[in-house]
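First comes the structure, then the notes that go with it.
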Amino acid sequence: MTETMPPSLKRGVGRILRARGVWAVPALGAAFLLGGCEGDRIQSTLHPASEAAAKIAWLWWVMCGAFTAVFLLVMVLLLLGVYRRPSGEGTGPPLGGTRFVILGGIAMPTVILLGLLIASLETTVALRLPEKQTLTVEVIGHRWWWEVRYPDQNIVTANEIQIPTGVPVRLVLKSADVIHSFWVPRLNGKMDMIPGHTNTFWIAAEKPGEYRGQCAEYCGLQHAKMAFYVVALPPEAFRAWVAERQTPRPAPEAFLPGQEVFMQAGCKNCHTVRGTAAVGRVGPDLTHLGSRISLGAGEIPNTPGHLGGWIGNSQRIKPGNLMPRSFLAPEELHALVRYLEAPK
Ligand code: CUA
């Protein structure tokens, strides 16, 4: 076939096949794939931490294997086509003839696609919400953070979902504005959060740990900065967490100047701190902010320094979020940060 190629095309193909640089593309791709998600709070479907996620990972590998095999087969056939010299003068029938087309073009794809369909259906069945659930958590997507409510326990938090290990947790998923998608790759698949509609979903974690989640549906400017954590606790630690959250304590006296700033500076119009006059629901509930892993929905670590920077001008960190700049005096800001980070 190479004989019939125009010389310029022949030179081009030869150059590509000879160029060592061509291997840089798959090598770089593999490096990205393997290295992109590493970290101490890994967020990857391929590191499942529940039965459901393991099933999804299994399907991923089945599909990856099947597609790789088909791709390699097609590449081998392509190279054969490029390099094989036609027998005789090239006027005879093409290699394999009709039988080759029926087997390779109809029978084989049918078998492969049917196999993959069966594997997908099997996984879908395995992901059905288990009959027995011990806990219901309501998660509401906002641009760009997560409201988390435990209706039966009367607990409200944000950007962090505490669950007990070893049991399926029922999730009631809603949206306050646009379509978001709830996804904790290590615990289960994705489920959309649709305005005016409630979706039911579930997660379970086999072992205690922190599992990072991420909004999986483009929802505006800061979609990529809409993350959260599922914190799986052993059952007794979870019960202790619930008991602690159900009895909010007033802030110790030393932190009251900060509370004063919180009430005066307008924070209370959008945020709730339980046990105070602050009952806003535009932004996250800040009652136990000090105990959270991150600020800004997974964007920055929860430290006094970062919190001060966030309050001062969160627009620099997460442009477009609903929180305006604040113009507090340094001592006011300091007192406010101390108050918000204080145990309550
Ligand atoms: Cu919320 Cu993307």
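Chain labels run A, B, ... following the order of the structure tokens; each chain numbers its residues from 1, and ligands are numbered from 1 in the order shown.
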
Hey, which residues come within 10 Å of ligand 1 if we count only C-alpha atoms and all ligand atoms? Could you give them as an mmCIF file with all heavy atoms, in the first residue's frame?
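Output (selection14.cif):
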```
data_model
loop_
_atom_site.group_PDB
_atom_site.id
_atom_site.type_symbol
_atom_site.label_atom_id
_atom_site.label_comp_id
_atom_site.auth_asym_id
_atom_site.auth_seq_id
_atom_site.Cartn_x
_atom_site.Cartn_y
_atom_site.Cartn_z
ATOM 1 N N GLY A 141 -26.807 21.456 47.259
ATOM 2 C CA GLY A 141 -25.750 22.126 46.502
ATOM 3 C C GLY A 141 -26.050 23.616 46.368
ATOM 4 O O GLY A 141 -27.172 24.001 46.050
ATOM 5 N N HIS A 142 -25.062 24.445 46.635
ATOM 6 C CA HIS A 142 -25.152 25.890 46.430
ATOM 7 C C HIS A 142 -23.981 26.288 45.546
ATOM 8 O O HIS A 142 -22.958 25.614 45.534
ATOM 9 C CB HIS A 142 -24.993 26.640 47.755
ATOM 10 C CG HIS A 142 -26.121 26.451 48.724
ATOM 11 N ND1 HIS A 142 -27.058 27.429 48.962
ATOM 12 C CD2 HIS A 142 -26.443 25.423 49.544
ATOM 13 C CE1 HIS A 142 -27.916 26.992 49.881
ATOM 14 N NE2 HIS A 142 -27.565 25.779 50.261
ATOM 15 N N ARG A 143 -24.087 27.428 44.870
ATOM 16 C CA ARG A 143 -22.912 27.936 44.181
ATOM 17 C C ARG A 143 -22.038 28.660 45.209
ATOM 18 O O ARG A 143 -22.400 29.746 45.655
ATOM 19 C CB ARG A 143 -23.314 28.881 43.067
ATOM 20 C CG ARG A 143 -23.910 28.095 41.897
ATOM 21 C CD ARG A 143 -23.993 28.873 40.657
ATOM 22 N NE ARG A 143 -24.987 29.906 40.786
ATOM 23 C CZ ARG A 143 -25.219 30.814 39.830
ATOM 24 N NH1 ARG A 143 -24.544 30.799 38.724
ATOM 25 N NH2 ARG A 143 -26.130 31.725 40.015
ATOM 26 N N TRP A 144 -20.888 28.176 45.662
ATOM 27 C CA TRP A 144 -20.271 26.922 45.331
ATOM 28 C C TRP A 144 -19.844 26.302 46.640
ATOM 29 O O TRP A 144 -18.694 26.373 47.027
ATOM 30 C CB TRP A 144 -19.073 27.165 44.393
ATOM 31 C CG TRP A 144 -19.518 27.700 43.058
ATOM 32 C CD1 TRP A 144 -19.980 26.955 42.005
ATOM 33 C CD2 TRP A 144 -19.572 29.062 42.614
ATOM 34 N NE1 TRP A 144 -20.306 27.767 40.944
ATOM 35 C CE2 TRP A 144 -20.068 29.069 41.305
ATOM 36 C CE3 TRP A 144 -19.268 30.269 43.236
ATOM 37 C CZ2 TRP A 144 -20.248 30.241 40.577
ATOM 38 C CZ3 TRP A 144 -19.450 31.435 42.527
ATOM 39 C CH2 TRP A 144 -19.937 31.403 41.192
ATOM 40 N N TRP A 145 -20.816 25.726 47.327
ATOM 41 C CA TRP A 145 -20.548 25.043 48.596
ATOM 42 C C TRP A 145 -21.680 24.066 48.872
ATOM 43 O O TRP A 145 -22.649 24.014 48.124
ATOM 44 C CB TRP A 145 -20.384 26.049 49.741
ATOM 45 C CG TRP A 145 -21.599 26.902 49.998
ATOM 46 C CD1 TRP A 145 -21.977 28.011 49.280
ATOM 47 C CD2 TRP A 145 -22.605 26.727 50.989
ATOM 48 N NE1 TRP A 145 -23.142 28.526 49.774
ATOM 49 C CE2 TRP A 145 -23.551 27.764 50.841
ATOM 50 C CE3 TRP A 145 -22.797 25.802 52.025
ATOM 51 C CZ2 TRP A 145 -24.674 27.890 51.649
ATOM 52 C CZ3 TRP A 145 -23.906 25.934 52.836
ATOM 53 C CH2 TRP A 145 -24.834 26.971 52.658
ATOM 54 N N TRP A 146 -21.514 23.290 49.947
ATOM 55 C CA TRP A 146 -22.457 22.197 50.237
ATOM 56 C C TRP A 146 -23.081 22.400 51.611
ATOM 57 O O TRP A 146 -22.368 22.453 52.612
ATOM 58 C CB TRP A 146 -21.731 20.853 50.208
ATOM 59 C CG TRP A 146 -20.890 20.643 48.987
ATOM 60 C CD1 TRP A 146 -19.632 21.159 48.766
ATOM 61 C CD2 TRP A 146 -21.218 19.899 47.818
ATOM 62 N NE1 TRP A 146 -19.179 20.767 47.535
ATOM 63 C CE2 TRP A 146 -20.127 19.986 46.931
ATOM 64 C CE3 TRP A 146 -22.331 19.151 47.439
ATOM 65 C CZ2 TRP A 146 -20.100 19.356 45.687
ATOM 66 C CZ3 TRP A 146 -22.308 18.519 46.193
ATOM 67 C CH2 TRP A 146 -21.204 18.632 45.341
ATOM 68 N N SER A 175 -30.791 20.939 45.239
ATOM 69 C CA SER A 175 -29.987 22.101 44.850
ATOM 70 C C SER A 175 -30.724 23.380 45.207
ATOM 71 O O SER A 175 -31.955 23.439 45.139
ATOM 72 C CB SER A 175 -29.718 22.071 43.344
ATOM 73 O OG SER A 175 -29.172 23.321 42.960
ATOM 74 N N ASP A 177 -29.817 26.265 43.644
ATOM 75 C CA ASP A 177 -29.735 27.204 42.519
ATOM 76 C C ASP A 177 -29.671 26.493 41.154
ATOM 77 O O ASP A 177 -30.666 26.393 40.464
ATOM 78 C CB ASP A 177 -28.545 28.162 42.707
ATOM 79 C CG ASP A 177 -27.345 27.490 43.363
ATOM 80 O OD1 ASP A 177 -26.970 26.392 42.913
ATOM 81 O OD2 ASP A 177 -26.769 28.063 44.311
ATOM 82 N N VAL A 178 -28.522 25.987 40.790
ATOM 83 C CA VAL A 178 -28.376 25.363 39.464
ATOM 84 C C VAL A 178 -28.106 23.863 39.641
ATOM 85 O O VAL A 178 -28.104 23.372 40.762
ATOM 86 C CB VAL A 178 -27.212 26.001 38.668
ATOM 87 C CG1 VAL A 178 -27.471 27.472 38.426
ATOM 88 C CG2 VAL A 178 -25.895 25.802 39.392
ATOM 89 N N ILE A 179 -27.859 23.150 38.563
ATOM 90 C CA ILE A 179 -27.575 21.715 38.669
ATOM 91 C C ILE A 179 -26.132 21.500 39.140
ATOM 92 O O ILE A 179 -25.187 22.033 38.556
ATOM 93 C CB ILE A 179 -27.789 20.992 37.322
ATOM 94 C CG1 ILE A 179 -29.237 21.175 36.854
ATOM 95 C CG2 ILE A 179 -27.468 19.510 37.448
ATOM 96 C CD1 ILE A 179 -29.515 20.542 35.489
ATOM 97 N N HIS A 180 -25.999 20.769 40.222
ATOM 98 C CA HIS A 180 -24.691 20.319 40.691
ATOM 99 C C HIS A 180 -24.691 18.790 40.614
ATOM 100 O O HIS A 180 -25.718 18.183 40.320
ATOM 101 C CB HIS A 180 -24.459 20.747 42.142
ATOM 102 C CG HIS A 180 -24.568 22.223 42.377
ATOM 103 N ND1 HIS A 180 -23.521 23.085 42.201
ATOM 104 C CD2 HIS A 180 -25.622 22.990 42.759
ATOM 105 C CE1 HIS A 180 -23.916 24.328 42.480
ATOM 106 N NE2 HIS A 180 -25.192 24.302 42.819
ATOM 107 N N SER A 181 -23.552 18.193 40.925
ATOM 108 C CA SER A 181 -23.518 16.733 40.957
ATOM 109 C C SER A 181 -22.643 16.270 42.122
ATOM 110 O O SER A 181 -21.507 16.711 42.269
ATOM 111 C CB SER A 181 -22.988 16.188 39.635
ATOM 112 O OG SER A 181 -22.997 14.776 39.668
ATOM 113 N N PHE A 182 -23.214 15.397 42.919
ATOM 114 C CA PHE A 182 -22.557 14.904 44.130
ATOM 115 C C PHE A 182 -21.659 13.723 43.767
ATOM 116 O O PHE A 182 -22.116 12.745 43.193
ATOM 117 C CB PHE A 182 -23.637 14.461 45.123
ATOM 118 C CG PHE A 182 -23.104 13.968 46.429
ATOM 119 C CD1 PHE A 182 -23.019 14.802 47.525
ATOM 120 C CD2 PHE A 182 -22.693 12.645 46.578
ATOM 121 C CE1 PHE A 182 -22.533 14.339 48.744
ATOM 122 C CE2 PHE A 182 -22.199 12.183 47.783
ATOM 123 C CZ PHE A 182 -22.124 13.033 48.867
ATOM 124 N N ASP A 192 -26.785 13.600 40.290
ATOM 125 C CA ASP A 192 -27.081 15.021 40.069
ATOM 126 C C ASP A 192 -27.933 15.613 41.185
ATOM 127 O O ASP A 192 -28.743 14.925 41.800
ATOM 128 C CB ASP A 192 -27.822 15.191 38.740
ATOM 129 C CG ASP A 192 -26.855 15.276 37.570
ATOM 130 O OD1 ASP A 192 -25.636 15.229 37.816
ATOM 131 O OD2 ASP A 192 -27.322 15.394 36.426
ATOM 132 N N MET A 193 -27.727 16.899 41.418
ATOM 133 C CA MET A 193 -28.558 17.666 42.363
ATOM 134 C C MET A 193 -29.283 18.698 41.516
ATOM 135 O O MET A 193 -28.650 19.586 40.943
ATOM 136 C CB MET A 193 -27.687 18.337 43.404
ATOM 137 C CG MET A 193 -26.712 17.357 44.047
ATOM 138 S SD MET A 193 -25.445 18.182 44.985
ATOM 139 C CE MET A 193 -26.140 18.050 46.616
ATOM 140 N N GLN A 214 -16.317 16.021 45.156
ATOM 141 C CA GLN A 214 -16.157 17.117 44.194
ATOM 142 C C GLN A 214 -17.451 17.270 43.419
ATOM 143 O O GLN A 214 -18.082 16.275 43.069
ATOM 144 C CB GLN A 214 -15.001 16.731 43.261
ATOM 145 C CG GLN A 214 -14.822 17.577 42.046
ATOM 146 C CD GLN A 214 -14.215 18.911 42.412
ATOM 147 O OE1 GLN A 214 -13.229 18.967 43.133
ATOM 148 N NE2 GLN A 214 -14.830 19.987 41.938
ATOM 149 N N CYS A 215 -17.845 18.496 43.144
ATOM 150 C CA CYS A 215 -18.992 18.725 42.271
ATOM 151 C C CYS A 215 -18.616 18.234 40.872
ATOM 152 O O CYS A 215 -17.553 18.555 40.358
ATOM 153 C CB CYS A 215 -19.367 20.191 42.235
ATOM 154 S SG CYS A 215 -20.784 20.508 41.175
ATOM 155 N N ALA A 216 -19.492 17.441 40.266
ATOM 156 C CA ALA A 216 -19.149 16.822 38.987
ATOM 157 C C ALA A 216 -20.030 17.318 37.845
ATOM 158 O O ALA A 216 -20.157 16.658 36.819
ATOM 159 C CB ALA A 216 -19.249 15.306 39.114
ATOM 160 N N GLU A 217 -20.651 18.472 38.032
ATOM 161 C CA GLU A 217 -21.463 19.026 36.956
ATOM 162 C C GLU A 217 -21.133 20.517 36.892
ATOM 163 O O GLU A 217 -21.232 21.222 37.899
ATOM 164 C CB GLU A 217 -22.950 18.829 37.291
ATOM 165 C CG GLU A 217 -23.917 19.426 36.286
ATOM 166 C CD GLU A 217 -24.058 18.577 35.032
ATOM 167 O OE1 GLU A 217 -24.027 17.347 35.142
ATOM 168 O OE2 GLU A 217 -24.194 19.173 33.945
ATOM 169 N N TYR A 218 -20.760 20.986 35.705
ATOM 170 C CA TYR A 218 -20.352 22.400 35.605
ATOM 171 C C TYR A 218 -21.474 23.316 36.091
ATOM 172 O O TYR A 218 -22.598 23.235 35.607
ATOM 173 C CB TYR A 218 -19.974 22.758 34.167
ATOM 174 C CG TYR A 218 -19.528 24.192 34.077
ATOM 175 C CD1 TYR A 218 -18.296 24.572 34.584
ATOM 176 C CD2 TYR A 218 -20.362 25.167 33.548
ATOM 177 C CE1 TYR A 218 -17.899 25.885 34.558
ATOM 178 C CE2 TYR A 218 -19.967 26.492 33.516
ATOM 179 C CZ TYR A 218 -18.733 26.846 34.016
ATOM 180 O OH TYR A 218 -18.345 28.155 34.005
ATOM 181 N N CYS A 219 -21.141 24.157 37.087
ATOM 182 C CA CYS A 219 -22.191 24.954 37.727
ATOM 183 C C CYS A 219 -21.787 26.420 37.827
ATOM 184 O O CYS A 219 -22.294 27.158 38.659
ATOM 185 C CB CYS A 219 -22.499 24.390 39.110
ATOM 186 S SG CYS A 219 -21.040 24.211 40.147
ATOM 187 N N GLY A 220 -20.855 26.859 36.997
ATOM 188 C CA GLY A 220 -20.488 28.268 36.996
ATOM 189 C C GLY A 220 -19.009 28.457 37.290
ATOM 190 O O GLY A 220 -18.241 27.496 37.380
ATOM 191 N N LEU A 221 -18.665 29.713 37.443
ATOM 192 C CA LEU A 221 -17.272 30.148 37.540
ATOM 193 C C LEU A 221 -16.405 29.293 38.474
ATOM 194 O O LEU A 221 -15.295 28.929 38.135
ATOM 195 C CB LEU A 221 -17.273 31.613 38.009
ATOM 196 C CG LEU A 221 -15.962 32.371 37.936
ATOM 197 C CD1 LEU A 221 -15.447 32.414 36.508
ATOM 198 C CD2 LEU A 221 -16.162 33.789 38.478
ATOM 199 N N GLN A 222 -16.925 28.981 39.662
ATOM 200 C CA GLN A 222 -16.097 28.282 40.649
ATOM 201 C C GLN A 222 -16.457 26.809 40.795
ATOM 202 O O GLN A 222 -16.243 26.212 41.852
ATOM 203 C CB GLN A 222 -16.192 29.002 41.999
ATOM 204 C CG GLN A 222 -15.663 30.416 41.978
ATOM 205 C CD GLN A 222 -14.193 30.482 41.591
ATOM 206 O OE1 GLN A 222 -13.451 29.505 41.734
ATOM 207 N NE2 GLN A 222 -13.762 31.615 41.090
ATOM 208 N N HIS A 223 -16.978 26.229 39.745
ATOM 209 C CA HIS A 223 -17.336 24.802 39.773
ATOM 210 C C HIS A 223 -16.150 23.936 40.239
ATOM 211 O O HIS A 223 -16.307 23.026 41.043
ATOM 212 C CB HIS A 223 -17.803 24.379 38.378
ATOM 213 C CG HIS A 223 -17.637 22.931 38.093
ATOM 214 N ND1 HIS A 223 -18.406 21.964 38.699
ATOM 215 C CD2 HIS A 223 -16.767 22.282 37.284
ATOM 216 C CE1 HIS A 223 -18.016 20.779 38.250
ATOM 217 N NE2 HIS A 223 -17.033 20.939 37.402
ATOM 218 N N ALA A 224 -14.964 24.274 39.737
ATOM 219 C CA ALA A 224 -13.790 23.456 40.079
ATOM 220 C C ALA A 224 -13.407 23.609 41.548
ATOM 221 O O ALA A 224 -12.682 22.788 42.095
ATOM 222 C CB ALA A 224 -12.606 23.824 39.191
ATOM 223 N N LYS A 225 -13.887 24.688 42.181
ATOM 224 C CA LYS A 225 -13.555 24.909 43.592
ATOM 225 C C LYS A 225 -14.757 24.587 44.476
ATOM 226 O O LYS A 225 -15.028 25.279 45.443
ATOM 227 C CB LYS A 225 -13.091 26.352 43.807
ATOM 228 C CG LYS A 225 -11.788 26.651 43.074
ATOM 229 C CD LYS A 225 -11.284 28.028 43.417
ATOM 230 C CE LYS A 225 -9.941 28.289 42.738
ATOM 231 N NZ LYS A 225 -9.432 29.628 43.054
ATOM 232 N N MET A 226 -15.494 23.564 44.105
ATOM 233 C CA MET A 226 -16.643 23.142 44.906
ATOM 234 C C MET A 226 -16.388 21.717 45.379
ATOM 235 O O MET A 226 -16.867 20.754 44.806
ATOM 236 C CB MET A 226 -17.920 23.241 44.063
ATOM 237 C CG MET A 226 -19.178 22.975 44.850
ATOM 238 S SD MET A 226 -20.641 23.374 43.873
ATOM 239 C CE MET A 226 -21.889 22.568 44.900
ATOM 240 N N ALA A 227 -15.572 21.618 46.410
ATOM 241 C CA ALA A 227 -15.203 20.299 46.933
ATOM 242 C C ALA A 227 -15.763 20.129 48.340
ATOM 243 O O ALA A 227 -16.320 21.063 48.914
ATOM 244 C CB ALA A 227 -13.688 20.152 46.940
#
```

Quick one: residues within 8 Å of stretch 243-255 of chain A, only C-alpha atoms counted, chain neighbours fewer than 5 positions away excluded, as an mmCIF file with N, CA and C atoms, in the first residue's frame?
```cif
data_model
loop_
_atom_site.group_PDB
_atom_site.id
_atom_site.type_symbol
_atom_site.label_atom_id
_atom_site.label_comp_id
_atom_site.auth_asym_id
_atom_site.auth_seq_id
_atom_site.Cartn_x
_atom_site.Cartn_y
_atom_site.Cartn_z
ATOM 1 N N GLN A 153 -31.404 14.191 63.387
ATOM 2 C CA GLN A 153 -30.544 14.534 64.531
ATOM 3 C C GLN A 153 -30.564 16.037 64.796
ATOM 4 N N ASN A 154 -31.187 16.795 63.890
ATOM 5 C CA ASN A 154 -31.237 18.247 64.010
ATOM 6 C C ASN A 154 -29.832 18.866 64.055
ATOM 7 N N ILE A 155 -29.009 18.436 63.106
ATOM 8 C CA ILE A 155 -27.642 18.968 63.008
ATOM 9 C C ILE A 155 -27.489 19.604 61.637
ATOM 10 N N ARG A 274 -25.244 28.602 65.810
ATOM 11 C CA ARG A 274 -26.310 28.125 66.697
ATOM 12 C C ARG A 274 -26.137 28.661 68.109
ATOM 13 N N GLY A 275 -27.255 28.961 68.729
ATOM 14 C CA GLY A 275 -27.212 29.480 70.093
ATOM 15 C C GLY A 275 -27.025 30.984 70.135
ATOM 16 N N ALA A 335 -10.104 39.266 66.401
ATOM 17 C CA ALA A 335 -11.094 38.777 67.364
ATOM 18 C C ALA A 335 -12.125 37.878 66.667
ATOM 19 N N ARG A 338 -10.623 34.458 65.920
ATOM 20 C CA ARG A 338 -10.515 33.688 67.173
ATOM 21 C C ARG A 338 -11.883 33.119 67.567
ATOM 22 N N TYR A 339 -12.912 33.953 67.406
ATOM 23 C CA TYR A 339 -14.267 33.522 67.772
ATOM 24 C C TYR A 339 -14.740 32.379 66.865
ATOM 25 N N ALA A 342 -13.004 29.138 67.560
ATOM 26 C CA ALA A 342 -13.118 28.627 68.940
ATOM 27 C C ALA A 342 -14.049 27.433 68.995
ATOM 28 N N PRO A 343 -13.774 26.476 69.902
ATOM 29 C CA PRO A 343 -14.710 25.365 70.086
ATOM 30 C C PRO A 343 -16.026 25.875 70.677
ATOM 31 N N LYS A 344 -17.142 25.433 70.104
ATOM 32 C CA LYS A 344 -18.435 25.889 70.604
ATOM 33 C C LYS A 344 -19.327 24.679 70.851
#
```

Query - Those of stretch 161-339 of chain A in DSSP helix (DSSP H, G or I), formatted as an MDAnalysis selection string - result: chainID A and resid 223:225 235:246 253:264 267:269 289:291 304:317 330:339

Q. What is the atom CA of A:Leu116 to atom CA of A:Met75 distance in Å?
A.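 Here the two named atoms are 21.1 Å from each other.
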
For stretch 105-114 of chain A, find every residue with an atom within 12 Å (counting only C-alpha atoms), except residues of its own chain fewer than 5 positions away, and show them as a list of chain:residue names.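 Surrounding residues, per the criterion: A:Val62, A:Met63, A:Gly65, A:Ala66, A:Phe67, A:Ala69, A:Val70, A:Leu73, A:Val74, A:Gly96, A:Gly97, A:Thr98, A:Arg99, A:Phe100, A:Ala119, A:Ser120, A:Leu121.
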
From atom CA of A:Leu46 to atom CA of A:Trp61 the spacing works out at 8.8 Å

With distances taken over only C-alpha atoms, the candidate from A:Trp202, A:Ser291, A:Gly166, A:His197 nearest A:Thr136 is A:Trp202

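Nearest residue to A:Gln43, choosing from A:Gly308, A:Pro284, A:Pro130, A:Gly213 and counting only C-alpha atoms: A:Gly213.
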
Requested in this report: Could you check how far atom CA of A:Glu299 sits from atom CA of A:Pro151, in Å to one decimal?
Outcome: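 Computing the Euclidean distance for atom CA of A:Glu299 and atom CA of A:Pro151 yields 26.9 Å.
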
Pick out the residues sitting within 12 Å of A:Arg316, and hand them over as a PyMOL selection string; count only C-alpha atoms, and ignore anything fewer than 5 positions along from it in its own chain.
-> chain A and resi 296+299+309-311+321+323-325

Next, write the just-selected residues to a file, as a PDB file, in the first residue's frame, keeping N, CA, C and O atoms as the atom set.
```pdb
ATOM      1  N   GLY A 296     -13.854  27.548  52.383  1.00  0.00           N
ATOM      2  CA  GLY A 296     -14.192  27.828  50.983  1.00  0.00           C
ATOM      3  C   GLY A 296     -14.512  26.563  50.205  1.00  0.00           C
ATOM      4  O   GLY A 296     -14.177  26.459  49.031  1.00  0.00           O
ATOM      5  N   GLU A 299     -11.207  24.629  49.418  1.00  0.00           N
ATOM      6  CA  GLU A 299     -10.277  25.448  48.665  1.00  0.00           C
ATOM      7  C   GLU A 299      -8.970  25.713  49.423  1.00  0.00           C
ATOM      8  O   GLU A 299      -7.898  25.623  48.849  1.00  0.00           O
ATOM      9  N   GLY A 309      -7.522  35.718  55.855  1.00  0.00           N
ATOM     10  CA  GLY A 309      -7.426  36.102  54.446  1.00  0.00           C
ATOM     11  C   GLY A 309      -8.755  35.946  53.729  1.00  0.00           C
ATOM     12  O   GLY A 309      -9.140  36.775  52.909  1.00  0.00           O
ATOM     13  N   TRP A 310      -9.470  34.877  54.068  1.00  0.00           N
ATOM     14  CA  TRP A 310     -10.769  34.623  53.444  1.00  0.00           C
ATOM     15  C   TRP A 310     -11.774  35.720  53.826  1.00  0.00           C
ATOM     16  O   TRP A 310     -12.485  36.249  52.967  1.00  0.00           O
ATOM     17  N   ILE A 311     -11.840  36.050  55.120  1.00  0.00           N
ATOM     18  CA  ILE A 311     -12.796  37.084  55.559  1.00  0.00           C
ATOM     19  C   ILE A 311     -12.421  38.427  54.940  1.00  0.00           C
ATOM     20  O   ILE A 311     -13.280  39.184  54.480  1.00  0.00           O
ATOM     21  N   ASN A 321     -17.864  34.290  44.371  1.00  0.00           N
ATOM     22  CA  ASN A 321     -18.682  33.755  45.468  1.00  0.00           C
ATOM     23  C   ASN A 321     -19.481  34.911  46.098  1.00  0.00           C
ATOM     24  O   ASN A 321     -19.209  36.081  45.858  1.00  0.00           O
ATOM     25  N   MET A 323     -19.768  36.110  49.047  1.00  0.00           N
ATOM     26  CA  MET A 323     -19.304  36.841  50.228  1.00  0.00           C
ATOM     27  C   MET A 323     -18.542  38.104  49.829  1.00  0.00           C
ATOM     28  O   MET A 323     -17.535  38.033  49.129  1.00  0.00           O
ATOM     29  N   PRO A 324     -19.046  39.274  50.269  1.00  0.00           N
ATOM     30  CA  PRO A 324     -18.367  40.519  49.906  1.00  0.00           C
ATOM     31  C   PRO A 324     -17.074  40.706  50.712  1.00  0.00           C
ATOM     32  O   PRO A 324     -16.859  40.049  51.722  1.00  0.00           O
ATOM     33  N   ARG A 325     -16.242  41.635  50.257  1.00  0.00           N
ATOM     34  CA  ARG A 325     -15.027  41.996  51.009  1.00  0.00           C
ATOM     35  C   ARG A 325     -15.433  42.553  52.358  1.00  0.00           C
ATOM     36  O   ARG A 325     -16.481  43.159  52.502  1.00  0.00           O
TER      37      ARG A 325
END
```

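Of the residues under consideration (A:Gly115, A:Ala158, A:Lys174, A:Tyr211), A:Ala158 shows the shortest atom-to-atom contact distance to A:Leu289 when counting only C-alpha atoms.
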
Residue nearest A:His306 - candidates A:Arg212, A:Ser294, A:Gln259, A:Ser326, atoms counted: only C-alpha atoms =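 Checking each candidate against A:His306, we get A:Ser294 as the closest.
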
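Using only C-alpha atoms, the smallest distance between any of A:Gly209, A:Ile163, A:Phe201, A:Gly189 and A:Trp60 comes from A:Gly189.
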
Exercise: A:Asn302 partners within 7 Å, only C-alpha atoms, chain neighbours under 5 positions left out, as a VMD selection string: chain A and resid 292 to 295 307

Could you please take those selected residues and save N, CA and C atoms as a CSV table (one decimal), in the first residue's frame?
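Writing the result to selection-v3.csv gives the following:
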```csv
chain,number,residue,atom,x,y,z
A,292,ARG,N,-13.5,22.1,61.1
A,292,ARG,CA,-13.6,21.7,59.8
A,292,ARG,C,-12.2,21.6,59.1
A,293,ILE,N,-12.1,20.7,58.1
A,293,ILE,CA,-10.8,20.5,57.4
A,293,ILE,C,-10.4,21.7,56.6
A,294,SER,N,-11.4,22.2,55.9
A,294,SER,CA,-11.0,23.2,54.9
A,294,SER,C,-12.0,24.5,55.0
A,295,LEU,N,-11.6,25.5,54.3
A,295,LEU,CA,-12.4,26.7,54.1
A,295,LEU,C,-12.7,26.9,52.7
A,307,LEU,N,-8.2,31.8,57.4
A,307,LEU,CA,-9.5,32.3,57.7
A,307,LEU,C,-9.5,33.9,57.6
```

Discussion item. I'd like to know which residues of stretch 53-295 of chain A are strand (DSSP E) (by DSSP, run on the backbone); could you write them as an NGL selection string?
Written reply: :A and (135-142 or 145-150 or 155-158 or 160-164 or 169-175 or 180-183 or 190-193 or 199-203 or 209-214 or 227-233 or 294-295)

- Find, counting only C-alpha atoms, the residue in A:Ala297, A:Leu322, A:Ala265, A:Ala205 that gets nearest to A:Val282.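 Using only C-alpha atoms, the shortest distance to A:Val282 belongs to A:Leu322.
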